[in-house]
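**Student:** As input, take my_file-v6.tsv (TSV, C-alpha atoms and all ligand atoms):
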```
chain	number	residue	atom	x	y	z
A	1303	MET	CA	48.09	54.53	-33.03
A	1304	SER	CA	45.30	55.24	-30.64
A	1305	LEU	CA	44.37	54.14	-27.20
A	1306	SER	CA	40.86	53.25	-26.27
A	1307	PHE	CA	39.32	52.35	-23.00
A	1308	GLN	CA	36.42	50.02	-22.59
A	1309	LEU	CA	34.41	50.34	-19.42
A	1310	ALA	CA	33.55	46.96	-18.00
A	1311	PRO	CA	29.85	46.44	-18.72
A	1312	GLU	CA	27.70	46.19	-15.65
A	1313	PRO	CA	25.33	43.28	-15.21
A	1314	PRO	CA	21.66	44.03	-15.83
A	1315	LEU	CA	19.90	44.05	-12.48
A	1316	GLN	CA	16.57	42.62	-11.41
A	1317	ARG	CA	13.68	45.05	-11.20
A	1318	SER	CA	10.58	45.50	-9.14
A	1319	LEU	CA	7.95	48.15	-8.69
A	1320	LYS	CA	8.73	51.23	-6.68
A	1321	THR	CA	5.36	51.21	-4.94
A	1322	ALA	CA	2.08	49.30	-4.96
A	1323	ILE	CA	-0.70	50.20	-7.36
A	1324	GLY	CA	-4.04	48.67	-8.21
A	1325	CYS	CA	-7.22	48.66	-10.22
A	1326	VAL	CA	-10.66	47.05	-10.27
A	1327	GLY	CA	-12.32	45.39	-13.22
A	1328	VAL	CA	-14.35	42.51	-14.61
A	1329	GLY	CA	-12.83	39.20	-15.67
A	1330	LEU	CA	-13.32	38.45	-19.36
A	1331	HIS	CA	-14.36	34.84	-18.91
A	1332	SER	CA	-15.74	34.71	-15.36
A	1333	GLY	CA	-17.63	37.99	-15.50
A	1334	VAL	CA	-16.55	38.42	-11.86
A	1335	LYS	CA	-15.49	41.90	-10.76
A	1336	SER	CA	-12.28	41.85	-8.77
A	1337	ALA	CA	-9.55	44.12	-7.47
A	1338	LEU	CA	-5.96	43.65	-8.59
A	1339	SER	CA	-2.82	45.10	-7.08
A	1340	LEU	CA	0.77	45.07	-8.28
A	1341	ARG	CA	3.17	45.16	-5.33
A	1342	PRO	CA	6.94	45.39	-4.94
A	1343	ALA	CA	8.78	42.18	-4.03
A	1344	PRO	CA	12.39	41.40	-3.01
A	1345	ALA	CA	14.98	40.21	-5.52
A	1346	ASP	CA	14.66	36.55	-6.56
A	1347	THR	CA	10.94	36.44	-5.67
A	1348	GLY	CA	9.79	36.21	-9.27
A	1349	ILE	CA	6.25	37.12	-10.31
A	1350	VAL	CA	3.80	35.62	-7.81
A	1351	PHE	CA	0.00	35.79	-7.81
A	1352	VAL	CA	-1.96	35.73	-4.56
A	1353	ARG	CA	-5.71	35.07	-4.32
A	1354	GLU	CA	-6.56	37.81	-1.85
A	1355	ASP	CA	-10.16	36.57	-1.56
A	1356	LEU	CA	-8.90	33.15	-0.39
A	1357	PRO	CA	-6.80	34.02	2.68
A	1358	GLY	CA	-4.22	31.44	3.65
A	1359	THR	CA	-4.02	29.82	0.24
A	1360	ALA	CA	-0.61	29.19	-1.25
A	1361	PRO	CA	0.98	31.85	-3.46
A	1362	ILE	CA	0.84	31.02	-7.16
A	1363	PRO	CA	4.21	31.47	-8.89
A	1364	ALA	CA	3.94	32.66	-12.49
A	1365	THR	CA	6.03	29.86	-13.93
A	1366	VAL	CA	5.33	27.33	-16.65
A	1367	GLY	CA	5.26	24.60	-14.00
A	1368	HIS	CA	2.16	26.19	-12.48
A	1369	VAL	CA	0.10	26.39	-15.67
A	1370	ALA	CA	-3.02	24.31	-15.11
A	1371	ASP	CA	-5.20	25.18	-18.10
A	1372	THR	CA	-4.89	26.97	-21.44
A	1373	THR	CA	-8.50	26.94	-22.65
A	1374	ARG	CA	-9.04	30.45	-24.03
A	1375	CYS	CA	-6.74	31.95	-21.38
A	1376	THR	CA	-3.73	30.97	-19.31
A	1377	GLN	CA	-4.59	29.69	-15.84
A	1378	LEU	CA	-2.05	29.27	-13.04
A	1379	LYS	CA	-2.63	27.06	-10.02
A	1380	GLY	CA	-0.86	27.02	-6.67
A	1381	ALA	CA	0.13	24.07	-4.50
A	1382	ASP	CA	-3.25	23.89	-2.74
A	1383	GLY	CA	-5.38	24.30	-5.86
A	1384	ALA	CA	-6.07	28.04	-5.67
A	1385	ALA	CA	-6.03	29.31	-9.24
A	1386	VAL	CA	-5.95	32.56	-11.14
A	1387	ASN	CA	-7.14	32.93	-14.72
A	1388	THR	CA	-6.17	35.14	-17.65
A	1389	VAL	CA	-2.71	36.13	-16.47
A	1390	GLU	CA	-1.29	36.68	-19.96
A	1391	HIS	CA	-1.96	40.38	-20.52
A	1392	VAL	CA	-0.57	41.59	-17.20
A	1393	MET	CA	2.38	39.23	-17.75
A	1394	ALA	CA	3.01	40.85	-21.13
A	1395	ALA	CA	3.14	44.30	-19.51
A	1396	LEU	CA	5.51	43.01	-16.81
A	1397	ALA	CA	7.72	41.52	-19.53
A	1398	ALA	CA	7.83	44.78	-21.47
A	1399	TRP	CA	8.74	46.78	-18.38
A	1400	GLY	CA	11.38	44.21	-17.36
A	1401	ILE	CA	9.79	43.54	-13.97
A	1402	ASP	CA	11.37	40.43	-12.43
A	1403	ASN	CA	9.81	40.55	-8.98
A	1404	ALA	CA	6.24	41.45	-8.03
A	1405	ILE	CA	3.36	40.21	-5.93
A	1406	ILE	CA	0.10	40.44	-7.82
A	1407	THR	CA	-2.95	40.14	-5.61
A	1408	VAL	CA	-6.29	39.33	-7.21
A	1409	ALA	CA	-9.48	39.38	-5.14
A	1410	GLY	CA	-11.22	36.87	-7.35
A	1411	PRO	CA	-10.67	34.04	-9.82
A	1412	GLU	CA	-9.53	36.10	-12.77
A	1413	VAL	CA	-7.30	39.06	-13.62
A	1414	PRO	CA	-9.51	41.99	-14.68
A	1415	ALA	CA	-9.79	42.36	-18.45
A	1416	LEU	CA	-9.66	46.18	-18.37
A	1417	ASP	CA	-9.83	47.14	-22.06
A	1418	GLY	CA	-8.82	43.67	-23.30
A	1419	SER	CA	-5.22	44.67	-24.02
A	1420	ALA	CA	-2.06	45.21	-21.93
A	1421	ARG	CA	-2.16	48.99	-22.19
A	1422	ASP	CA	-3.68	49.73	-18.79
A	1423	PHE	CA	-1.39	47.28	-16.97
A	1424	GLY	CA	1.59	49.06	-18.52
A	1425	PHE	CA	0.13	52.40	-17.48
A	1426	LEU	CA	-0.17	51.18	-13.89
A	1427	ILE	CA	3.44	49.95	-13.84
A	1428	GLY	CA	4.60	53.28	-15.24
A	1429	CYS	CA	2.66	55.14	-12.54
A	1430	ALA	CA	4.09	52.94	-9.77
A	1431	GLY	CA	7.64	53.34	-11.07
A	1432	VAL	CA	10.42	50.81	-11.41
A	1433	VAL	CA	13.40	50.17	-9.14
A	1434	GLU	CA	16.56	48.22	-9.80
A	1435	GLN	CA	17.52	45.65	-7.19
A	1436	ASP	CA	20.83	44.26	-6.01
A	1437	GLN	CA	20.80	40.96	-7.88
A	1438	PRO	CA	21.56	40.31	-11.56
A	1439	ARG	CA	18.73	39.42	-13.93
A	1440	ARG	CA	18.75	35.79	-14.92
A	1441	PHE	CA	17.93	35.27	-18.58
A	1442	VAL	CA	16.87	32.04	-20.23
A	1443	GLU	CA	19.03	31.86	-23.34
A	1444	VAL	CA	17.75	29.68	-26.17
A	1445	LEU	CA	20.67	27.62	-27.53
A	1446	LYS	CA	19.02	25.66	-30.33
A	1447	PRO	CA	15.67	25.62	-32.16
A	1448	VAL	CA	12.70	23.99	-30.44
A	1449	THR	CA	9.41	23.48	-32.30
A	1450	VAL	CA	5.96	22.30	-31.25
A	1451	HIS	CA	2.91	21.58	-33.40
A	1452	HIS	CA	-0.81	21.25	-32.98
A	1453	GLY	CA	-2.44	20.29	-36.28
A	1454	ASP	CA	-1.33	22.93	-38.79
A	1455	ARG	CA	-0.47	25.40	-36.04
A	1456	TRP	CA	3.06	25.62	-34.72
A	1457	ALA	CA	5.40	27.62	-32.53
A	1458	ARG	CA	9.18	27.65	-32.44
A	1459	LEU	CA	11.93	29.20	-30.33
A	1460	VAL	CA	15.24	29.94	-32.04
A	1461	PRO	CA	18.46	31.49	-30.71
A	1462	HIS	CA	18.50	35.27	-30.96
A	1463	ALA	CA	20.46	38.03	-29.23
A	1464	ALA	CA	17.30	39.63	-27.81
A	1465	PHE	CA	13.72	38.59	-27.14
A	1466	ALA	CA	11.92	38.78	-30.47
A	1467	VAL	CA	8.51	37.76	-31.76
A	1468	ASP	CA	7.43	36.78	-35.27
A	1469	MET	CA	3.73	35.91	-35.42
A	1470	THR	CA	1.46	34.89	-38.29
A	1471	ILE	CA	-2.25	34.16	-38.19
A	1472	ASP	CA	-4.50	32.84	-40.96
A	1473	PHE	CA	-8.21	33.13	-40.33
A	1474	ASP	CA	-10.72	32.23	-43.01
A	1475	HIS	CA	-12.54	35.50	-42.44
A	1476	PRO	CA	-12.73	38.53	-44.74
A	1477	LEU	CA	-11.72	40.97	-41.98
A	1478	ILE	CA	-8.68	38.99	-40.87
A	1479	GLY	CA	-7.18	36.58	-43.42
A	1480	VAL	CA	-3.39	36.26	-43.22
A	1481	GLN	CA	-1.71	38.78	-40.91
A	1482	HIS	CA	1.94	38.91	-39.83
A	1483	ILE	CA	3.97	40.99	-37.41
A	1484	ALA	CA	7.64	40.75	-36.46
A	1485	LEU	CA	9.43	42.66	-33.71
A	1486	PRO	CA	13.19	41.98	-33.82
A	1487	ARG	CA	13.48	43.25	-30.26
A	1488	VAL	CA	10.59	43.28	-27.82
A	1489	ASP	CA	11.44	46.13	-25.47
A	1490	LEU	CA	9.29	48.73	-23.77
A	1491	ALA	CA	9.33	51.10	-26.72
A	1492	SER	CA	8.47	48.52	-29.38
A	1493	PHE	CA	5.91	46.82	-27.15
A	1494	ASN	CA	4.14	50.10	-26.39
A	1495	ARG	CA	4.24	51.19	-30.00
A	1496	GLU	CA	3.20	47.93	-31.69
A	1497	LEU	CA	1.44	45.57	-29.27
A	1498	ALA	CA	0.32	46.98	-25.93
A	1499	ALA	CA	-3.03	48.37	-27.04
A	1500	ALA	CA	-4.08	45.41	-29.21
A	1501	ARG	CA	-7.25	43.93	-27.76
A	1502	THR	CA	-8.39	40.35	-27.43
A	1503	PHE	CA	-11.01	39.37	-29.97
A	1504	GLY	CA	-13.82	36.94	-30.55
A	1505	PHE	CA	-16.45	36.11	-33.11
A	1506	ALA	CA	-20.07	37.11	-32.58
A	1507	GLU	CA	-21.20	33.69	-33.79
A	1508	ASP	CA	-19.16	32.00	-31.04
A	1509	VAL	CA	-20.50	34.06	-28.15
A	1510	VAL	CA	-23.53	31.87	-27.43
A	1511	ASP	CA	-21.38	28.74	-27.55
A	1512	LEU	CA	-18.66	30.25	-25.33
A	1513	ARG	CA	-21.17	31.37	-22.75
A	1514	ALA	CA	-22.77	27.93	-22.70
A	1515	LYS	CA	-19.31	26.65	-21.72
A	1516	GLY	CA	-19.06	29.30	-19.00
A	1517	LEU	CA	-16.56	31.40	-20.97
A	1518	ALA	CA	-16.66	35.04	-22.11
A	1519	LEU	CA	-19.23	35.82	-19.41
A	1520	GLY	CA	-17.60	39.21	-18.79
A	1521	GLY	CA	-16.83	39.90	-22.44
A	1522	SER	CA	-18.25	43.08	-23.90
A	1523	LEU	CA	-17.46	45.66	-26.53
A	1524	ASP	CA	-15.54	47.50	-23.78
A	1525	ASN	CA	-12.97	44.73	-23.35
A	1526	ALA	CA	-12.88	42.76	-26.60
A	1527	VAL	CA	-13.10	43.22	-30.33
A	1528	VAL	CA	-16.19	41.34	-31.47
A	1529	VAL	CA	-16.11	40.28	-35.11
A	1530	ALA	CA	-19.32	39.76	-37.08
A	1531	HIS	CA	-19.43	38.32	-40.59
A	1532	ASP	CA	-18.04	41.40	-42.36
A	1533	HIS	CA	-17.41	44.07	-39.71
A	1534	VAL	CA	-16.53	44.55	-36.07
A	1535	LEU	CA	-19.35	45.40	-33.68
A	1536	ASN	CA	-17.25	47.85	-31.63
A	1537	PRO	CA	-18.41	51.40	-32.39
A	1538	GLY	CA	-14.83	52.70	-32.52
A	1539	GLY	CA	-13.69	49.99	-34.94
A	1540	LEU	CA	-10.19	48.53	-34.82
A	1541	ARG	CA	-7.09	50.20	-33.36
A	1542	TRP	CA	-5.04	48.81	-36.28
A	1543	PRO	CA	-6.30	46.91	-39.36
A	1544	ASP	CA	-4.12	44.02	-38.12
A	1545	GLU	CA	-4.99	44.38	-34.44
A	1546	PHE	CA	-5.71	40.63	-34.40
A	1547	VAL	CA	-2.16	39.44	-35.05
A	1548	ARG	CA	-0.80	42.15	-32.76
A	1549	HIS	CA	-2.90	40.74	-29.93
A	1550	LYS	CA	-1.68	37.22	-30.66
A	1551	ALA	CA	1.90	38.53	-30.43
A	1552	LEU	CA	1.01	40.24	-27.13
A	1553	ASP	CA	-0.32	36.92	-25.81
A	1554	ALA	CA	2.93	35.22	-26.82
A	1555	VAL	CA	4.98	37.86	-24.99
A	1556	GLY	CA	2.89	37.33	-21.85
A	1557	ASP	CA	2.84	33.55	-21.97
A	1558	LEU	CA	6.55	33.24	-22.67
A	1559	TYR	CA	7.34	35.48	-19.70
A	1560	LEU	CA	6.37	32.46	-17.61
A	1561	ALA	CA	9.98	31.44	-18.34
A	1562	GLY	CA	11.29	34.81	-17.13
A	1563	PRO	CA	13.32	37.03	-19.43
A	1564	LEU	CA	14.12	35.14	-22.63
A	1565	LEU	CA	16.90	35.56	-25.12
A	1566	GLY	CA	15.44	34.01	-28.22
A	1567	ARG	CA	12.95	34.60	-31.00
A	1568	VAL	CA	9.52	33.04	-30.91
A	1569	GLU	CA	8.18	32.30	-34.37
A	1570	ALA	CA	4.63	31.04	-34.60
A	1571	LYS	CA	1.71	30.45	-36.89
A	1572	GLY	CA	-1.75	30.34	-35.41
A	1573	SER	CA	-0.41	29.67	-31.94
A	1574	GLY	CA	-2.24	30.32	-28.71
A	1575	HIS	CA	-1.78	29.76	-25.01
A	1576	MET	CA	-1.64	25.96	-25.30
A	1577	LEU	CA	1.18	25.99	-27.87
A	1578	HIS	CA	3.10	28.71	-26.01
A	1579	VAL	CA	3.10	26.64	-22.83
A	1580	LYS	CA	3.92	23.45	-24.74
A	1581	LEU	CA	6.84	25.29	-26.35
A	1582	LEU	CA	8.29	26.31	-22.98
A	1583	ARG	CA	7.87	22.79	-21.62
A	1584	GLU	CA	9.64	21.40	-24.67
A	1585	LEU	CA	12.46	23.93	-24.25
A	1586	PHE	CA	13.01	23.14	-20.57
A	1587	ALA	CA	12.77	19.38	-21.21
A	1588	ASP	CA	15.96	19.51	-23.29
A	1589	PRO	CA	18.97	20.61	-21.21
A	1590	ALA	CA	20.93	21.23	-24.42
A	1591	ALA	CA	18.33	23.71	-25.72
A	1592	TRP	CA	18.80	26.46	-23.14
A	1593	ARG	CA	20.90	27.78	-20.30
A	1594	TYR	CA	20.68	30.48	-17.66
A	1595	ALA	CA	22.68	33.56	-18.55
A	1596	ASP	CA	23.21	36.27	-15.95
A	1597	PHE	CA	25.19	38.61	-18.05
A	1598	PRO	CA	24.80	38.34	-21.80
A	1599	GLU	CA	25.96	41.47	-23.59
A	1600	ALA	CA	22.77	41.67	-25.61
A	1601	ALA	CA	20.71	41.52	-22.46
A	1602	ALA	CA	22.68	44.35	-20.92
A	1603	THR	CA	21.66	46.52	-23.85
A	1604	VAL	CA	18.02	45.51	-23.56
A	1605	THR	CA	17.82	46.24	-19.88
A	1606	ARG	CA	19.66	49.53	-20.03
A	1607	SER	CA	17.16	50.76	-22.59
A	1608	LEU	CA	14.39	50.60	-20.00
A	1609	PRO	CA	13.55	53.95	-18.36
A	1610	VAL	CA	14.14	52.93	-14.79
A	1611	MET	CA	14.37	56.46	-13.47
A	1612	ALA	CA	11.62	57.92	-15.60
A	1613	GLN	CA	8.92	57.64	-12.98
A	1614	GLN	CA	10.95	58.59	-9.96
A	1615	GLY	CA	10.76	62.34	-10.16
A	1616	ALA	CA	7.44	62.75	-8.40
A	1617	ASP	CA	8.51	62.18	-4.82
B	1701	ZN	ZN	-5.02	37.71	-25.06
```
Using the file provided, produce a representation of the structure as structure tokens.
**Tutor:**
Amino acid sequence: MSLSFQLAPEPPLQRSLKTAIGCVGVGLHSGVKSALSLRPAPADTGIVFVREDLPGTAPIPATVGHVADTTRCTQLKGADGAAVNTVEHVMAALAAWGIDNAIITVAGPEVPALDGSARDFGFLIGCAGVVEQDQPRRFVEVLKPVTVHHGDRWARLVPHAAFAVDMTIDFDHPLIGVQHIALPRVDLASFNRELAAARTFGFAEDVVDLRAKGLALGGSLDNAVVVAHDHVLNPGGLRWPDEFVRHKALDAVGDLYLAGPLLGRVEAKGSGHMLHVKLLRELFADPAAWRYADFPEAAATVTRSLPVMAQQGAD
């Protein structure tokens, strides 16, 4: 006979940044140079964007209800029409770091592209440091499968003990073809190892057309992979042979963080911002498909794996 003691698990707590930090860069689509800052915010604030160049305009909550457009990037719009474009990569970094509350100021219409991935946003968050707050994290737990389609593309959320991503793309292009990546648990370590540095990409033949539509005006070989008929134009080549599907998975992580922390697996084929947002709307439209969970055991494990104290030794 043996006695064992089980410590009562503690609820995972909300997180914010320890201090403010910023950067300056060009927007991929607008071509407009703007400053961005990531700032601490009190518990229960959520992630909120503020157009610093439009003083007095309403804050723009990073929620699915504020998505106004998903053409090539995810655009959020506030109550008075002030909008911010291309939020998905910074949202992916915030998701990976488990940041629940932050004010993100942008002095322009679009989040800077930086290198076209989420790597630099994650670096900034790591430099700022992370603090735990006094309120429990509130997870959105997927209770039953939800699927959305657009032509032969689809995306699905299924119940899973952690946030997971399973992404497939199929491009009729010799450099891409069918690519697949699955992360059974998207946490800071797996995100940094597998997704964070994967850059956005486009096709050289589309550039003229995109620019005629006012898109990709800031795109360059410094912030996007540009694919020609049988090679990439970037002098350094690809970061992984399957960098394309890794970036699509990164986009899904960022877009789905508009729901807050999720407990569920997103499975998708050929999905993009439009399907990700449609998927969240479909999920929230069915009260039987999800619930808020403050203290799921799986979530406690996820949150505790984040290095909350790692950046706090410098002061
Ligand atoms: Zn992207």
**Student:** When you draw a straight line from CA of His1462 in chain A to CA of Leu1445 in chain A, how long is it in Å?
**Tutor:**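 Between CA of His1462 in chain A and CA of Leu1445 in chain A the gap is 8.7 Å.
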**Student:** Applying 8 Å and all atoms listed in the file, which residues near Arg1455 in chain A remain after dropping the ones on its own chain fewer than 2 positions away? List them as JSON, numbers by chain.
**Tutor:** {"A": [1451, 1452, 1453, 1457, 1570, 1571, 1572, 1573]}
**Student:** Choose the residue, out of A:Ser1492, A:Thr1388, A:Thr1359, A:Gln1481, that has the smallest atom-to-atom separation from Ala1518 in chain A; count only C-alpha atoms.
**Tutor:**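 Checking each candidate against Ala1518 in chain A, we get A:Thr1388 as the closest.
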**Student:** Kindly provide, as a tab-separated table (two decimals) with C-alpha atoms, keeping the file's coordinate frame, the polymer residues lying within 7 Å of (5.0, 49.6, -2.4), counting all atoms listed in the file and using the coordinates exactly as they appear in the file.
**Tutor:**
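This went into result35.tsv:
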```tsv
chain	number	residue	atom	x	y	z
A	1320	LYS	CA	8.73	51.23	-6.68
A	1321	THR	CA	5.36	51.21	-4.94
A	1322	ALA	CA	2.08	49.30	-4.96
A	1341	ARG	CA	3.17	45.16	-5.33
A	1342	PRO	CA	6.94	45.39	-4.94
```
**Student:** From the list A:Asp1553, A:Glu1434, A:Asp1422, A:Asp1346, which residue is nearest Arg1317 in chain A when using only C-alpha atoms?
**Tutor:**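 Closest residue, counting only C-alpha atoms: A:Glu1434.
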**Student:** Please compute the CA of Gly1424 in chain A-CA of His1391 in chain A distance, one decimal, in Å.
**Tutor:**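 Spanning CA of Gly1424 in chain A to CA of His1391 in chain A is a straight-line distance of 9.6 Å.
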**Student:** A:Arg1487, A:His1575, A:Lys1379, A:Arg1421: which is nearest ligand ZN 1701 (chain B), counting only C-alpha atoms and all ligand atoms?
**Tutor:**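 Counting only C-alpha atoms and all ligand atoms, the residue closest to ligand ZN 1701 (chain B) is A:His1575.
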**Student:** What do you get as an mmCIF file with C-alpha atoms, in the coordinates of the input if you pick all residues at most 8 Å from ligand ZN 1701 (chain B), counting only C-alpha atoms and all ligand atoms?
**Tutor:**
```cif
data_model
loop_
_atom_site.group_PDB
_atom_site.id
_atom_site.type_symbol
_atom_site.label_atom_id
_atom_site.label_comp_id
_atom_site.auth_asym_id
_atom_site.auth_seq_id
_atom_site.Cartn_x
_atom_site.Cartn_y
_atom_site.Cartn_z
ATOM 1 C CA CYS A 1375 -6.740 31.950 -21.380
ATOM 2 C CA THR A 1388 -6.170 35.140 -17.650
ATOM 3 C CA GLU A 1390 -1.290 36.680 -19.960
ATOM 4 C CA HIS A 1391 -1.960 40.380 -20.520
ATOM 5 C CA GLY A 1418 -8.820 43.670 -23.300
ATOM 6 C CA SER A 1419 -5.220 44.670 -24.020
ATOM 7 C CA ARG A 1501 -7.250 43.930 -27.760
ATOM 8 C CA THR A 1502 -8.390 40.350 -27.430
ATOM 9 C CA PHE A 1503 -11.010 39.370 -29.970
ATOM 10 C CA HIS A 1549 -2.900 40.740 -29.930
ATOM 11 C CA LYS A 1550 -1.680 37.220 -30.660
ATOM 12 C CA LEU A 1552 1.010 40.240 -27.130
ATOM 13 C CA ASP A 1553 -0.320 36.920 -25.810
#
```
**Student:** To one decimal place, how far is CA of Leu1338 in chain A from CA of Pro1363 in chain A in Å?
**Tutor:**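 Value for the CA of Leu1338 in chain A-CA of Pro1363 in chain A distance: 15.9 Å.
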**Student:** As AutoDock Vina command-line options, please: the centre and edge lengths in Å, to one decimal, of an axis-aligned box enclosing every listed atom of range 1404-1416 of chain A with 5 Å added on each side.
**Tutor:**
```
--center_x -2.5 --center_y 40.1 --center_z -11.8 --size_x 27.5 --size_y 22.1 --size_z 23.3
```
**Student:** From the list A:Glu1496, A:Asp1557, A:Glu1569, A:Asp1474, which residue is nearest Asp1532 in chain A when using all atoms listed in the file?
**Tutor:**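 Of the candidates, the smallest distance to Asp1532 in chain A is held by A:Asp1474.
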**Student:** Please identify all polymer residues within 6 Å of Ser1336 in chain A, counting all atoms listed in the file, omitting same-chain residues fewer than 4 positions from it, and present them as a VMD selection string.
**Tutor:** chain A and resid 1326 to 1327 1409 to 1410
**Student:** Here's a test: counting only C-alpha atoms, identify every protein, DNA and RNA residue with an atom at most 10 Å from (-0.1, 49.3, -15.6) in the file's coordinate frame, and state them as a list of chain:residue names.
**Tutor:** A:Ile1323, A:Gly1324, A:Cys1325, A:Ser1339, A:Leu1340, A:Val1392, A:Ala1395, A:Leu1396, A:Trp1399, A:Ala1420, A:Arg1421, A:Asp1422, A:Phe1423, A:Gly1424, A:Phe1425, A:Leu1426, A:Ile1427, A:Gly1428, A:Cys1429, A:Ala1430, A:Gly1431
**Student:** Find the residues around Leu1517 in chain A up to 10 Å (all atoms listed in the file counted), leave out those fewer than 6 positions away in its own chain, and share them as an mmCIF file with C-alpha atoms, in the frame of the given file.
**Tutor:**
```cif
data_model
loop_
_atom_site.group_PDB
_atom_site.id
_atom_site.type_symbol
_atom_site.label_atom_id
_atom_site.label_comp_id
_atom_site.auth_asym_id
_atom_site.auth_seq_id
_atom_site.Cartn_x
_atom_site.Cartn_y
_atom_site.Cartn_z
ATOM 1 C CA LEU A 1330 -13.320 38.450 -19.360
ATOM 2 C CA HIS A 1331 -14.360 34.840 -18.910
ATOM 3 C CA SER A 1332 -15.740 34.710 -15.360
ATOM 4 C CA GLY A 1333 -17.630 37.990 -15.500
ATOM 5 C CA THR A 1373 -8.500 26.940 -22.650
ATOM 6 C CA ARG A 1374 -9.040 30.450 -24.030
ATOM 7 C CA CYS A 1375 -6.740 31.950 -21.380
ATOM 8 C CA VAL A 1509 -20.500 34.060 -28.150
ATOM 9 C CA VAL A 1510 -23.530 31.870 -27.430
ATOM 10 C CA ASP A 1511 -21.380 28.740 -27.550
#
```
**Student:** Neighbours of Gly1538 in chain A within 12 Å (all atoms listed in the file; same-chain residues fewer than 4 positions away dropped), as a list of chain:residue names?
**Tutor:**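 Everything that qualifies: A:Leu1523, A:Asp1524, A:Ala1526, A:Val1527, A:Val1528, A:His1533, A:Val1534, A:Trp1542.
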**Student:** Generate the output file for the selected residues, C-alpha atoms, as a compact mmCIF listing (two decimals), in the frame of the given file.
**Tutor:**
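See again_20.txt below for the written result:
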```
# COMPACT_ATOMS: atom_id res chain seq x y z
CA LEU A 1523 -17.46 45.66 -26.53
CA ASP A 1524 -15.54 47.50 -23.78
CA ALA A 1526 -12.88 42.76 -26.60
CA VAL A 1527 -13.10 43.22 -30.33
CA VAL A 1528 -16.19 41.34 -31.47
CA HIS A 1533 -17.41 44.07 -39.71
CA VAL A 1534 -16.53 44.55 -36.07
CA TRP A 1542 -5.04 48.81 -36.28
```
**Student:** I'd like the contact shell of Glu1584 in chain A - 9 Å cut-off, all atoms listed in the file, skipping same-chain residues fewer than 3 positions apart - returned as a PyMOL selection string.
**Tutor:** chain A and resi 1448-1450+1579-1581+1587-1588
**Student:** Taking all atoms listed in the file into account, name the residue in A:Lys1515, A:Val1547, A:Pro1313, A:His1531 that is nearest to Ile1483 in chain A.
**Tutor:**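 For Ile1483 in chain A, the nearest of the candidates is A:Val1547.
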**Student:** Using all atoms listed in the file, find the one residue out of A:Gly1504, A:Gly1521, A:Pro1486, A:Pro1563 that sits nearest to Asn1403 in chain A.
**Tutor:** A:Pro1563
